[in-house]
Amino acid sequence: MEEKQPVLELQNVSVGYDSPAGMVQAVNDVTLKIYENTIVGLIGESGSGKSTLGNAIMRLLKNNAVLTSGTIKVLGKDIYSLNKNELRKFRWSQMSMVFQSAMNALNPVLTVEEQILDVFLSHDKNMSKTEAKMKAKELMDIVSIDPRYLRSYPHELSGGMRQRVVIAIAIALDPKLVIMDEPTTALDVVVQRSILDKIKEIQRVKKYAILFISHDFSLVSEIASQVAIMYAGRFIEVTDSKSLIPSERHHPYTQGLLRAIPHLTAEDVTIEGIPGNPPNLVDLPSGCAYHPRCPFAFDLCKKEQPQIRKVDGRDMECHLYETVQGGV
Amino acid sequence: MSDPSTVLVEVEDLVIKFPVRGDRKRKYITPVDKVNLNIKKGEVLALVGESGSGKTTIGRALVRLLKPTEGTITVLGKKVNEIKGKDLKEYRRVAQMIFQDPFGSLNPVKTIEGHLKFPLKKHQGYKGKALEEKVGDLLLQVGLTPVQEIRKKHPHELSGGQRQRLAIARALAVNPQFIVADEPTSMLDVSIRAGILQLMNELKRDLGLSYLYITHDLASARYFGDRIMVLYGGKVMEIAESKELIKNPLNPYTRLLLAATPGSESQIDLTNMTNDPPDLSDGRQGCPFVHRCPLATDVCREKMPALKEAVQNHFVACHRLDEREQLIDFNFAKER
């Protein structure tokens, strides 16, 4: 049986920032595969490296950030081996990105229509303007915005509408992979929900592979089928989202997050914070970066970085589970 | 009037108007329109709503950073809606505010102890050794340790969670009875949020503080709030005890809000929901939710429903209360 080709394949990817204090590893040795028609969530706190990873996949790393090791393949193609011209064609037609702040992702002096047309016309030299305009209208339909807003400028739209436009631009060329970097942060709950429902609806039809980056645990576990949890640049756990409940065995950090979020409907409303603060990447703790905050840490955790291990079918980086009987 | 021995804050018919630039005439918007509420001693009232619902404006009016246009605010039996000068300074000792953004609400050139010394000296008359000791006590109380190291630092050396703890310590410095907390956790990392909520909970228990907890997150409102008040377009839509409100939401807007919150079991499809903001213009009529409400009728467009007690201690403003069961399988999606 032939194995399906993953849309996105990360193999031991590390990204570093060249800083005066030396190389700072923002993303450290992460491996992940995303197949078509799946949404994978990426959860992490600020500074955990999740946006850096998103940018690295798009090969959008700014000048002082570099891919220090590993390969990133999209549809089997190594993104970092493409030359400039190939990359320009490949990006957006095969992979695209929805940026965090719709406010800044749109050009304030161009109308919505001009910005959408730009995507079509710069990628297909043979397309006529009339045809592109038709397609722009279709796109607006997909994201449920009245086509009359095509003539509006970004500042005339509400935050939710702007985010829909950004999504429309990202899916304009029907890419296989869409990276969504906190697409609903800074939006109201109701607007957030309507955008999420829209994303799910589009995904059902178009069968995209989506990497959904967010810091909101409950939101990601709802939209994604698989979730990668990032801490200090590493995937400390990769799990299916259904098992994200406190009664299952998880990495202590995941457990901590699960306990830290008040639940809307559960009878038990107690919550418990994780002590300490997220680590500073310039000065990472030795061994497992989570050990200063971990209630189960023992000697080995301070000395050695744990390797990926299967625990109940989930990938985890934790010494606790190295002995068969270990458990939280 | 309610009993002054148990009620700390009493707000009656609060109206706040802001001028906006009109064509020739001066126009107004009314982000808070005839709001009534009360907060008992040691109680947390959670104020929930979307942006533009008027929740922050109410909070600012309650600590008198804003002067209400109409209505009265009575705190500890004293009217505070018109006070100024010395009386206002005195009121600062009763009511304090914690702001949303701990990166913007602290002075970057002041040390941590400087932030606390100022209110302690100005309002409490501390000096000398007693002042130094009180600063240490406050830092300890909010969990900013090691105290000796922290007190000499500047805000940029603290993490977001630590900054918010300092903001809480600063509010506590005047020994207040009432704190308005305006989305105190929304800018913090998930793993830090719970700690701040826990701290506020402990302070409520140990010091008998009352809070107005402003948030857009129903889950945290349920955790921290004794009662939840749902606001939309400057009007109170529903108010009830937290558990009751989550379990038995009666207003269509509350139901929508609940359905939209991650982790809810409600299956209302919001794909094509209109997300137009409510009309805030002065002199508007009818229910502010009417343009989004699937149950809306003519009477909803013409008259704002009054707040009625539907179940014991559960107040709702809705003309169509009896028809609400239709909402269960009603698709909120409407034609654009």
# chains A, B, ... in the order shown; residues from 1 in each chain; ligands from 1
$ closest_atom_pairs --of "chain B" --to "chain A" --cutoff "6 Å" --atoms "only C-alpha atoms" --output "CSV"
residue,atom,partner,partner_atom,distance
B:Glu50,CA,A:Asp188,CA,5.8
B:Asp189,CA,A:Glu45,CA,5.8
B:Ser191,CA,A:Ile274,CA,5.5
B:Ala194,CA,A:Gly273,CA,4.5
B:Gly195,CA,A:Gly273,CA,4.5
B:Ala219,CA,A:Leu264,CA,4.5
B:Ser220,CA,A:Pro262,CA,5.8
B:Tyr223,CA,A:Val269,CA,5.9
B:Ala260,CA,A:Val190,CA,5.2
B:Pro262,CA,A:Leu219,CA,5.4
B:Leu270,CA,A:Ser194,CA,4.9
B:Thr271,CA,A:Ser194,CA,4.8
$ write_last_selection --atoms "C-alpha atoms" --output "PDB file, in the first residue's frame"
ATOM      1  CA  GLU B  50     -18.743  42.304  23.419  1.00  0.00           C
ATOM      2  CA  ASP B 189      -0.658  34.030  28.698  1.00  0.00           C
ATOM      3  CA  SER B 191      -0.851  29.543  31.979  1.00  0.00           C
ATOM      4  CA  ALA B 194      -5.514  31.246  36.350  1.00  0.00           C
ATOM      5  CA  GLY B 195      -2.990  32.525  38.894  1.00  0.00           C
ATOM      6  CA  ALA B 219     -16.146  30.837  31.384  1.00  0.00           C
ATOM      7  CA  SER B 220     -14.003  33.063  33.603  1.00  0.00           C
ATOM      8  CA  TYR B 223     -15.513  31.022  37.706  1.00  0.00           C
ATOM      9  CA  ALA B 260     -20.049  31.243  20.628  1.00  0.00           C
ATOM     10  CA  PRO B 262     -15.379  27.697  22.994  1.00  0.00           C
ATOM     11  CA  LEU B 270     -23.139  31.082  13.233  1.00  0.00           C
ATOM     12  CA  THR B 271     -21.505  30.813   9.833  1.00  0.00           C
TER      13      THR B 271
END
$ select_by_dssp --residues "segment 109-327 of chain B" --states "strand (DSSP E)" --output "number ranges by chain"
B: 178-182, 210-215, 227-232, 235-241, 308-311, 314-316
$ select_by_dssp --residues "segment 84-319 of chain B" --states "alpha helix (DSSP H)" --output "MDAnalysis selection string"
chainID B and resid 85:92 112:124 128:141 147:150 160:172 190:207 218:224 242:247 252:260 298:302
$ write_last_selection --atoms "C-alpha atoms" --output "short mmCIF file (atom, residue, chain, number, x, y, z; two decimals), in the first residue's frame"
data_model
loop_
_atom_site.label_atom_id
_atom_site.label_comp_id
_atom_site.auth_asym_id
_atom_site.auth_seq_id
_atom_site.Cartn_x
_atom_site.Cartn_y
_atom_site.Cartn_z
CA GLY B 85 -11.85 67.70 44.61
CA LYS B 86 -11.34 66.47 48.15
CA ASP B 87 -14.39 64.21 48.09
CA LEU B 88 -13.18 62.55 44.93
CA LYS B 89 -9.75 61.99 46.42
CA GLU B 90 -11.40 60.42 49.40
CA TYR B 91 -13.47 58.20 47.11
CA ARG B 92 -10.25 56.88 45.56
CA ILE B 112 8.23 48.65 41.65
CA GLU B 113 8.35 50.04 45.17
CA GLY B 114 7.87 53.54 43.75
CA HIS B 115 4.53 52.43 42.31
CA LEU B 116 3.39 51.36 45.75
CA LYS B 117 4.97 54.11 47.86
CA PHE B 118 3.13 56.86 46.06
CA PRO B 119 -0.43 55.79 46.97
CA LEU B 120 0.70 54.67 50.43
CA LYS B 121 2.11 58.10 51.21
CA LYS B 122 -0.58 60.12 49.52
CA HIS B 123 -3.63 58.27 50.76
CA GLN B 124 -2.55 56.40 53.85
CA GLY B 128 9.74 55.88 57.15
CA LYS B 129 10.10 52.31 58.29
CA ALA B 130 6.37 51.64 58.31
CA LEU B 131 6.25 52.57 54.62
CA GLU B 132 9.06 50.17 53.73
CA GLU B 133 7.37 47.40 55.67
CA LYS B 134 3.98 48.01 54.09
CA VAL B 135 5.53 47.82 50.59
CA GLY B 136 7.02 44.45 51.51
CA ASP B 137 3.70 43.23 52.88
CA LEU B 138 1.84 44.24 49.74
CA LEU B 139 4.35 42.56 47.44
CA LEU B 140 4.12 39.41 49.52
CA GLN B 141 0.35 39.54 49.51
CA VAL B 147 10.45 40.85 47.77
CA GLN B 148 13.88 42.42 48.31
CA GLU B 149 14.87 41.71 44.74
CA ILE B 150 11.58 42.72 43.13
CA GLY B 160 2.99 40.23 32.08
CA GLY B 161 1.60 38.23 34.98
CA GLN B 162 3.95 39.89 37.45
CA ARG B 163 2.99 43.32 36.16
CA GLN B 164 -0.68 42.57 36.66
CA ARG B 165 0.15 41.44 40.21
CA LEU B 166 1.84 44.79 40.77
CA ALA B 167 -1.24 46.58 39.42
CA ILE B 168 -3.31 44.65 41.94
CA ALA B 169 -0.88 45.52 44.75
CA ARG B 170 -1.11 49.19 43.77
CA ALA B 171 -4.90 49.04 43.93
CA LEU B 172 -4.68 47.39 47.35
CA VAL B 190 -3.04 31.18 29.35
CA SER B 191 -0.85 29.54 31.98
CA ILE B 192 -0.66 32.83 33.92
CA ARG B 193 -4.36 33.78 33.82
CA ALA B 194 -5.51 31.25 36.35
CA GLY B 195 -2.99 32.53 38.89
CA ILE B 196 -4.32 36.09 38.65
CA LEU B 197 -7.93 34.94 39.00
CA GLN B 198 -6.94 32.82 41.99
CA LEU B 199 -5.20 35.81 43.58
CA MET B 200 -8.25 38.02 43.13
CA ASN B 201 -10.37 35.27 44.61
CA GLU B 202 -8.12 35.01 47.67
CA LEU B 203 -8.24 38.78 48.19
CA LYS B 204 -11.99 38.71 47.99
CA ARG B 205 -12.09 36.02 50.64
CA ASP B 206 -9.42 37.48 52.95
CA LEU B 207 -10.24 41.18 52.68
CA LEU B 218 -18.19 33.73 30.05
CA ALA B 219 -16.15 30.84 31.38
CA SER B 220 -14.00 33.06 33.60
CA ALA B 221 -17.08 35.12 34.55
CA ARG B 222 -18.64 31.94 35.80
CA TYR B 223 -15.51 31.02 37.71
CA PHE B 224 -14.99 34.37 39.42
CA SER B 242 -23.53 32.76 37.56
CA LYS B 243 -24.47 29.10 37.55
CA GLU B 244 -28.11 29.83 36.83
CA LEU B 245 -27.25 32.12 33.93
CA ILE B 246 -24.97 29.59 32.25
CA LYS B 247 -27.39 26.75 32.83
CA PRO B 252 -31.46 35.30 22.90
CA TYR B 253 -28.28 37.35 23.09
CA THR B 254 -27.01 35.44 26.11
CA ARG B 255 -27.73 32.24 24.22
CA LEU B 256 -25.77 33.49 21.25
CA LEU B 257 -22.86 34.49 23.46
CA LEU B 258 -22.88 31.11 25.16
CA ALA B 259 -23.02 29.26 21.88
CA ALA B 260 -20.05 31.24 20.63
CA ASP B 298 -42.22 44.92 15.53
CA VAL B 299 -42.55 45.51 19.23
CA CYS B 300 -38.84 44.74 19.67
CA ARG B 301 -38.03 47.42 17.14
CA GLU B 302 -40.18 50.02 18.85
#
$ closest_residue --among "A:Ile43, A:Leu75, A:Ile171, A:Leu60" --to "Ser96 of chain A" --atoms "only C-alpha atoms"
A:Ile171
$ atom_distance --atom1 "atom CA of Asp299 of chain A" --atom2 "atom CA of His251 of chain A"
17.2 Å
$ residues_around --residues "Glu248 of chain A" --least-positions-apart "4" --cutoff "12 Å" --atoms "only C-alpha atoms" --output "VMD selection string"
chain A and resid 239 to 244 252 254 to 255 258 311 to 314 327 to 328
$ write_last_selection --atoms "N, CA and C atoms" --output "compact mmCIF listing (two decimals), in the first residue's frame"
# COMPACT_ATOMS: atom_id res chain seq x y z
N THR A 239 -0.83 15.38 20.08
CA THR A 239 -1.90 14.48 20.49
C THR A 239 -3.14 14.74 19.65
N ASP A 240 -4.05 13.76 19.63
CA ASP A 240 -5.33 14.05 18.98
C ASP A 240 -6.16 14.88 19.94
N SER A 241 -6.99 15.77 19.39
CA SER A 241 -7.62 16.76 20.25
C SER A 241 -8.70 16.15 21.15
N LYS A 242 -9.24 15.01 20.74
CA LYS A 242 -10.30 14.41 21.57
C LYS A 242 -9.80 13.99 22.95
N SER A 243 -8.52 13.62 23.00
CA SER A 243 -8.01 13.12 24.28
C SER A 243 -7.52 14.25 25.18
N LEU A 244 -7.78 15.49 24.78
CA LEU A 244 -7.35 16.61 25.63
C LEU A 244 -8.30 16.82 26.80
N PRO A 252 3.16 17.04 31.65
CA PRO A 252 2.77 17.88 32.79
C PRO A 252 2.36 19.30 32.40
N THR A 254 0.88 20.19 29.53
CA THR A 254 -0.48 20.07 29.00
C THR A 254 -1.48 19.92 30.14
N GLN A 255 -1.13 19.06 31.10
CA GLN A 255 -1.99 18.87 32.27
C GLN A 255 -2.23 20.20 32.97
N LEU A 258 -4.58 22.33 31.02
CA LEU A 258 -5.95 21.83 31.13
C LEU A 258 -6.58 22.24 32.45
N VAL A 311 3.31 7.72 24.27
CA VAL A 311 2.60 7.40 25.50
C VAL A 311 1.11 7.35 25.16
N ASP A 312 0.51 6.21 25.32
CA ASP A 312 -0.90 6.01 24.94
C ASP A 312 -1.18 6.52 23.52
N GLY A 313 -0.24 6.31 22.62
CA GLY A 313 -0.43 6.74 21.23
C GLY A 313 -0.13 8.20 20.98
N ARG A 314 0.30 8.92 22.02
CA ARG A 314 0.62 10.34 21.82
C ARG A 314 2.12 10.53 21.92
N GLY A 327 3.51 7.89 35.54
CA GLY A 327 2.22 8.47 35.18
C GLY A 327 1.93 9.69 36.03
N VAL A 328 1.12 10.56 35.49
CA VAL A 328 0.75 11.76 36.23
C VAL A 328 -0.56 11.49 36.96
$ residues_around --residues "Leu157 of chain A" --least-positions-apart "5" --cutoff "12 Å" --atoms "only C-alpha atoms" --output "VMD selection string"
(chain A and resid 102 to 103 106 108 111 to 112 145 to 146 148 to 152 162 to 166) or (chain B and resid 275 to 277)
$ closest_residue --among "A:Asn28, A:Val7, A:Glu182, A:Lys62" --to "Gln305 of chain A" --atoms "only C-alpha atoms"
A:Asn28
$ residues_around --residues "Val74 of chain A" --least-positions-apart "3" --cutoff "7 Å" --atoms "only C-alpha atoms" --output "ChimeraX atom specification"
/A:7-9,77-79
$ residues_around --residues "Asp118 of chain A" --least-positions-apart "2" --cutoff "12 Å" --atoms "only C-alpha atoms" --output "list in words"
Trp92, Asn107, Leu110, Thr111, Val112, Glu113, Glu114, Gln115, Ile116, Phe120, Leu121, Ser122, His123, Asp124, Lys125, Met127, Ser128, Lys129, Ala132, Lys133, Lys135, Ala136, Ile169, Ala172 and Leu173 of chain A
$ decode --residues "segment 123-169 of chain B" --atoms "N, CA and C atoms" --output "PDB file, in the first residue's frame"
ATOM      1  N   HIS B 123      -2.294  58.568  50.228  1.00  0.00           N
ATOM      2  CA  HIS B 123      -3.627  58.269  50.758  1.00  0.00           C
ATOM      3  C   HIS B 123      -3.612  57.737  52.179  1.00  0.00           C
ATOM      4  N   GLN B 124      -2.539  57.071  52.565  1.00  0.00           N
ATOM      5  CA  GLN B 124      -2.548  56.400  53.852  1.00  0.00           C
ATOM      6  C   GLN B 124      -1.621  57.059  54.862  1.00  0.00           C
ATOM      7  N   GLY B 125      -0.798  57.997  54.407  1.00  0.00           N
ATOM      8  CA  GLY B 125       0.085  58.704  55.328  1.00  0.00           C
ATOM      9  C   GLY B 125       1.218  57.859  55.893  1.00  0.00           C
ATOM     10  N   TYR B 126       1.578  56.783  55.190  1.00  0.00           N
ATOM     11  CA  TYR B 126       2.712  55.979  55.657  1.00  0.00           C
ATOM     12  C   TYR B 126       4.012  56.732  55.442  1.00  0.00           C
ATOM     13  N   LYS B 127       4.975  56.579  56.335  1.00  0.00           N
ATOM     14  CA  LYS B 127       6.324  57.057  56.040  1.00  0.00           C
ATOM     15  C   LYS B 127       7.359  56.255  56.804  1.00  0.00           C
ATOM     16  N   GLY B 128       8.626  56.508  56.439  1.00  0.00           N
ATOM     17  CA  GLY B 128       9.738  55.880  57.146  1.00  0.00           C
ATOM     18  C   GLY B 128       9.707  54.361  57.088  1.00  0.00           C
ATOM     19  N   LYS B 129       9.967  53.758  58.235  1.00  0.00           N
ATOM     20  CA  LYS B 129      10.103  52.309  58.287  1.00  0.00           C
ATOM     21  C   LYS B 129       8.765  51.607  58.011  1.00  0.00           C
ATOM     22  N   ALA B 130       7.703  52.217  58.516  1.00  0.00           N
ATOM     23  CA  ALA B 130       6.372  51.637  58.309  1.00  0.00           C
ATOM     24  C   ALA B 130       6.055  51.545  56.823  1.00  0.00           C
ATOM     25  N   LEU B 131       6.483  52.551  56.063  1.00  0.00           N
ATOM     26  CA  LEU B 131       6.255  52.566  54.619  1.00  0.00           C
ATOM     27  C   LEU B 131       6.989  51.407  53.950  1.00  0.00           C
ATOM     28  N   GLU B 132       8.277  51.255  54.311  1.00  0.00           N
ATOM     29  CA  GLU B 132       9.064  50.168  53.732  1.00  0.00           C
ATOM     30  C   GLU B 132       8.424  48.813  54.045  1.00  0.00           C
ATOM     31  N   GLU B 133       7.975  48.664  55.269  1.00  0.00           N
ATOM     32  CA  GLU B 133       7.369  47.403  55.671  1.00  0.00           C
ATOM     33  C   GLU B 133       6.079  47.120  54.913  1.00  0.00           C
ATOM     34  N   LYS B 134       5.273  48.172  54.778  1.00  0.00           N
ATOM     35  CA  LYS B 134       3.985  48.013  54.089  1.00  0.00           C
ATOM     36  C   LYS B 134       4.202  47.611  52.627  1.00  0.00           C
ATOM     37  N   VAL B 135       5.220  48.197  51.983  1.00  0.00           N
ATOM     38  CA  VAL B 135       5.534  47.824  50.594  1.00  0.00           C
ATOM     39  C   VAL B 135       5.851  46.332  50.523  1.00  0.00           C
ATOM     40  N   GLY B 136       6.676  45.867  51.465  1.00  0.00           N
ATOM     41  CA  GLY B 136       7.025  44.453  51.508  1.00  0.00           C
ATOM     42  C   GLY B 136       5.801  43.575  51.702  1.00  0.00           C
ATOM     43  N   ASP B 137       4.920  44.002  52.615  1.00  0.00           N
ATOM     44  CA  ASP B 137       3.704  43.234  52.879  1.00  0.00           C
ATOM     45  C   ASP B 137       2.838  43.108  51.629  1.00  0.00           C
ATOM     46  N   LEU B 138       2.690  44.235  50.938  1.00  0.00           N
ATOM     47  CA  LEU B 138       1.841  44.244  49.738  1.00  0.00           C
ATOM     48  C   LEU B 138       2.400  43.311  48.668  1.00  0.00           C
ATOM     49  N   LEU B 139       3.725  43.405  48.459  1.00  0.00           N
ATOM     50  CA  LEU B 139       4.351  42.556  47.438  1.00  0.00           C
ATOM     51  C   LEU B 139       4.168  41.082  47.781  1.00  0.00           C
ATOM     52  N   LEU B 140       4.306  40.779  49.063  1.00  0.00           N
ATOM     53  CA  LEU B 140       4.121  39.410  49.518  1.00  0.00           C
ATOM     54  C   LEU B 140       2.676  38.945  49.297  1.00  0.00           C
ATOM     55  N   GLN B 141       1.767  39.866  49.602  1.00  0.00           N
ATOM     56  CA  GLN B 141       0.347  39.544  49.510  1.00  0.00           C
ATOM     57  C   GLN B 141      -0.054  39.159  48.083  1.00  0.00           C
ATOM     58  N   VAL B 142       0.546  39.812  47.090  1.00  0.00           N
ATOM     59  CA  VAL B 142       0.178  39.500  45.711  1.00  0.00           C
ATOM     60  C   VAL B 142       1.129  38.485  45.089  1.00  0.00           C
ATOM     61  N   GLY B 143       2.021  37.922  45.892  1.00  0.00           N
ATOM     62  CA  GLY B 143       2.884  36.857  45.398  1.00  0.00           C
ATOM     63  C   GLY B 143       4.041  37.333  44.542  1.00  0.00           C
ATOM     64  N   LEU B 144       4.500  38.571  44.758  1.00  0.00           N
ATOM     65  CA  LEU B 144       5.684  39.040  44.029  1.00  0.00           C
ATOM     66  C   LEU B 144       6.908  38.802  44.902  1.00  0.00           C
ATOM     67  N   THR B 145       7.522  37.655  44.747  1.00  0.00           N
ATOM     68  CA  THR B 145       8.680  37.317  45.565  1.00  0.00           C
ATOM     69  C   THR B 145       9.858  36.958  44.671  1.00  0.00           C
ATOM     70  N   PRO B 146      11.091  36.997  45.117  1.00  0.00           N
ATOM     71  CA  PRO B 146      11.559  37.493  46.415  1.00  0.00           C
ATOM     72  C   PRO B 146      11.404  39.020  46.517  1.00  0.00           C
ATOM     73  N   VAL B 147      10.822  39.461  47.615  1.00  0.00           N
ATOM     74  CA  VAL B 147      10.446  40.854  47.775  1.00  0.00           C
ATOM     75  C   VAL B 147      11.632  41.802  47.624  1.00  0.00           C
ATOM     76  N   GLN B 148      12.740  41.481  48.312  1.00  0.00           N
ATOM     77  CA  GLN B 148      13.877  42.419  48.308  1.00  0.00           C
ATOM     78  C   GLN B 148      14.427  42.642  46.903  1.00  0.00           C
ATOM     79  N   GLU B 149      14.354  41.598  46.093  1.00  0.00           N
ATOM     80  CA  GLU B 149      14.873  41.707  44.738  1.00  0.00           C
ATOM     81  C   GLU B 149      13.890  42.473  43.847  1.00  0.00           C
ATOM     82  N   ILE B 150      12.618  42.150  43.997  1.00  0.00           N
ATOM     83  CA  ILE B 150      11.585  42.718  43.128  1.00  0.00           C
ATOM     84  C   ILE B 150      11.439  44.225  43.335  1.00  0.00           C
ATOM     85  N   ARG B 151      11.509  44.672  44.562  1.00  0.00           N
ATOM     86  CA  ARG B 151      11.117  46.065  44.834  1.00  0.00           C
ATOM     87  C   ARG B 151      11.989  47.092  44.136  1.00  0.00           C
ATOM     88  N   LYS B 152      13.228  46.735  43.828  1.00  0.00           N
ATOM     89  CA  LYS B 152      14.113  47.700  43.165  1.00  0.00           C
ATOM     90  C   LYS B 152      14.014  47.634  41.639  1.00  0.00           C
ATOM     91  N   LYS B 153      13.251  46.674  41.132  1.00  0.00           N
ATOM     92  CA  LYS B 153      13.185  46.518  39.679  1.00  0.00           C
ATOM     93  C   LYS B 153      12.281  47.552  39.033  1.00  0.00           C
ATOM     94  N   HIS B 154      12.334  47.602  37.700  1.00  0.00           N
ATOM     95  CA  HIS B 154      11.445  48.459  36.921  1.00  0.00           C
ATOM     96  C   HIS B 154      10.437  47.577  36.190  1.00  0.00           C
ATOM     97  N   PRO B 155       9.303  48.148  35.784  1.00  0.00           N
ATOM     98  CA  PRO B 155       8.263  47.324  35.147  1.00  0.00           C
ATOM     99  C   PRO B 155       8.752  46.476  33.970  1.00  0.00           C
ATOM    100  N   HIS B 156       9.714  46.986  33.172  1.00  0.00           N
ATOM    101  CA  HIS B 156      10.112  46.199  31.994  1.00  0.00           C
ATOM    102  C   HIS B 156      10.817  44.909  32.378  1.00  0.00           C
ATOM    103  N   GLU B 157      11.246  44.805  33.632  1.00  0.00           N
ATOM    104  CA  GLU B 157      11.922  43.584  34.056  1.00  0.00           C
ATOM    105  C   GLU B 157      10.931  42.517  34.532  1.00  0.00           C
ATOM    106  N   LEU B 158       9.656  42.863  34.557  1.00  0.00           N
ATOM    107  CA  LEU B 158       8.650  41.913  35.017  1.00  0.00           C
ATOM    108  C   LEU B 158       7.922  41.293  33.836  1.00  0.00           C
ATOM    109  N   SER B 159       7.422  40.068  34.028  1.00  0.00           N
ATOM    110  CA  SER B 159       6.596  39.438  32.997  1.00  0.00           C
ATOM    111  C   SER B 159       5.181  40.008  33.094  1.00  0.00           C
ATOM    112  N   GLY B 160       4.354  39.706  32.101  1.00  0.00           N
ATOM    113  CA  GLY B 160       2.987  40.230  32.076  1.00  0.00           C
ATOM    114  C   GLY B 160       2.203  39.899  33.337  1.00  0.00           C
ATOM    115  N   GLY B 161       2.328  38.650  33.781  1.00  0.00           N
ATOM    116  CA  GLY B 161       1.597  38.232  34.980  1.00  0.00           C
ATOM    117  C   GLY B 161       2.076  38.979  36.211  1.00  0.00           C
ATOM    118  N   GLN B 162       3.404  39.162  36.308  1.00  0.00           N
ATOM    119  CA  GLN B 162       3.952  39.893  37.453  1.00  0.00           C
ATOM    120  C   GLN B 162       3.500  41.351  37.440  1.00  0.00           C
ATOM    121  N   ARG B 163       3.440  41.938  36.246  1.00  0.00           N
ATOM    122  CA  ARG B 163       2.987  43.322  36.156  1.00  0.00           C
ATOM    123  C   ARG B 163       1.555  43.458  36.643  1.00  0.00           C
ATOM    124  N   GLN B 164       0.721  42.482  36.242  1.00  0.00           N
ATOM    125  CA  GLN B 164      -0.676  42.568  36.664  1.00  0.00           C
ATOM    126  C   GLN B 164      -0.767  42.388  38.178  1.00  0.00           C
ATOM    127  N   ARG B 165       0.118  41.581  38.752  1.00  0.00           N
ATOM    128  CA  ARG B 165       0.147  41.445  40.207  1.00  0.00           C
ATOM    129  C   ARG B 165       0.525  42.776  40.855  1.00  0.00           C
ATOM    130  N   LEU B 166       1.465  43.479  40.236  1.00  0.00           N
ATOM    131  CA  LEU B 166       1.839  44.788  40.769  1.00  0.00           C
ATOM    132  C   LEU B 166       0.650  45.754  40.684  1.00  0.00           C
ATOM    133  N   ALA B 167      -0.067  45.711  39.565  1.00  0.00           N
ATOM    134  CA  ALA B 167      -1.239  46.580  39.420  1.00  0.00           C
ATOM    135  C   ALA B 167      -2.262  46.285  40.515  1.00  0.00           C
ATOM    136  N   ILE B 168      -2.391  45.011  40.865  1.00  0.00           N
ATOM    137  CA  ILE B 168      -3.315  44.648  41.940  1.00  0.00           C
ATOM    138  C   ILE B 168      -2.793  45.179  43.280  1.00  0.00           C
ATOM    139  N   ALA B 169      -1.475  45.024  43.506  1.00  0.00           N
ATOM    140  CA  ALA B 169      -0.884  45.523  44.754  1.00  0.00           C
ATOM    141  C   ALA B 169      -1.091  47.033  44.871  1.00  0.00           C
TER     142      ALA B 169
END
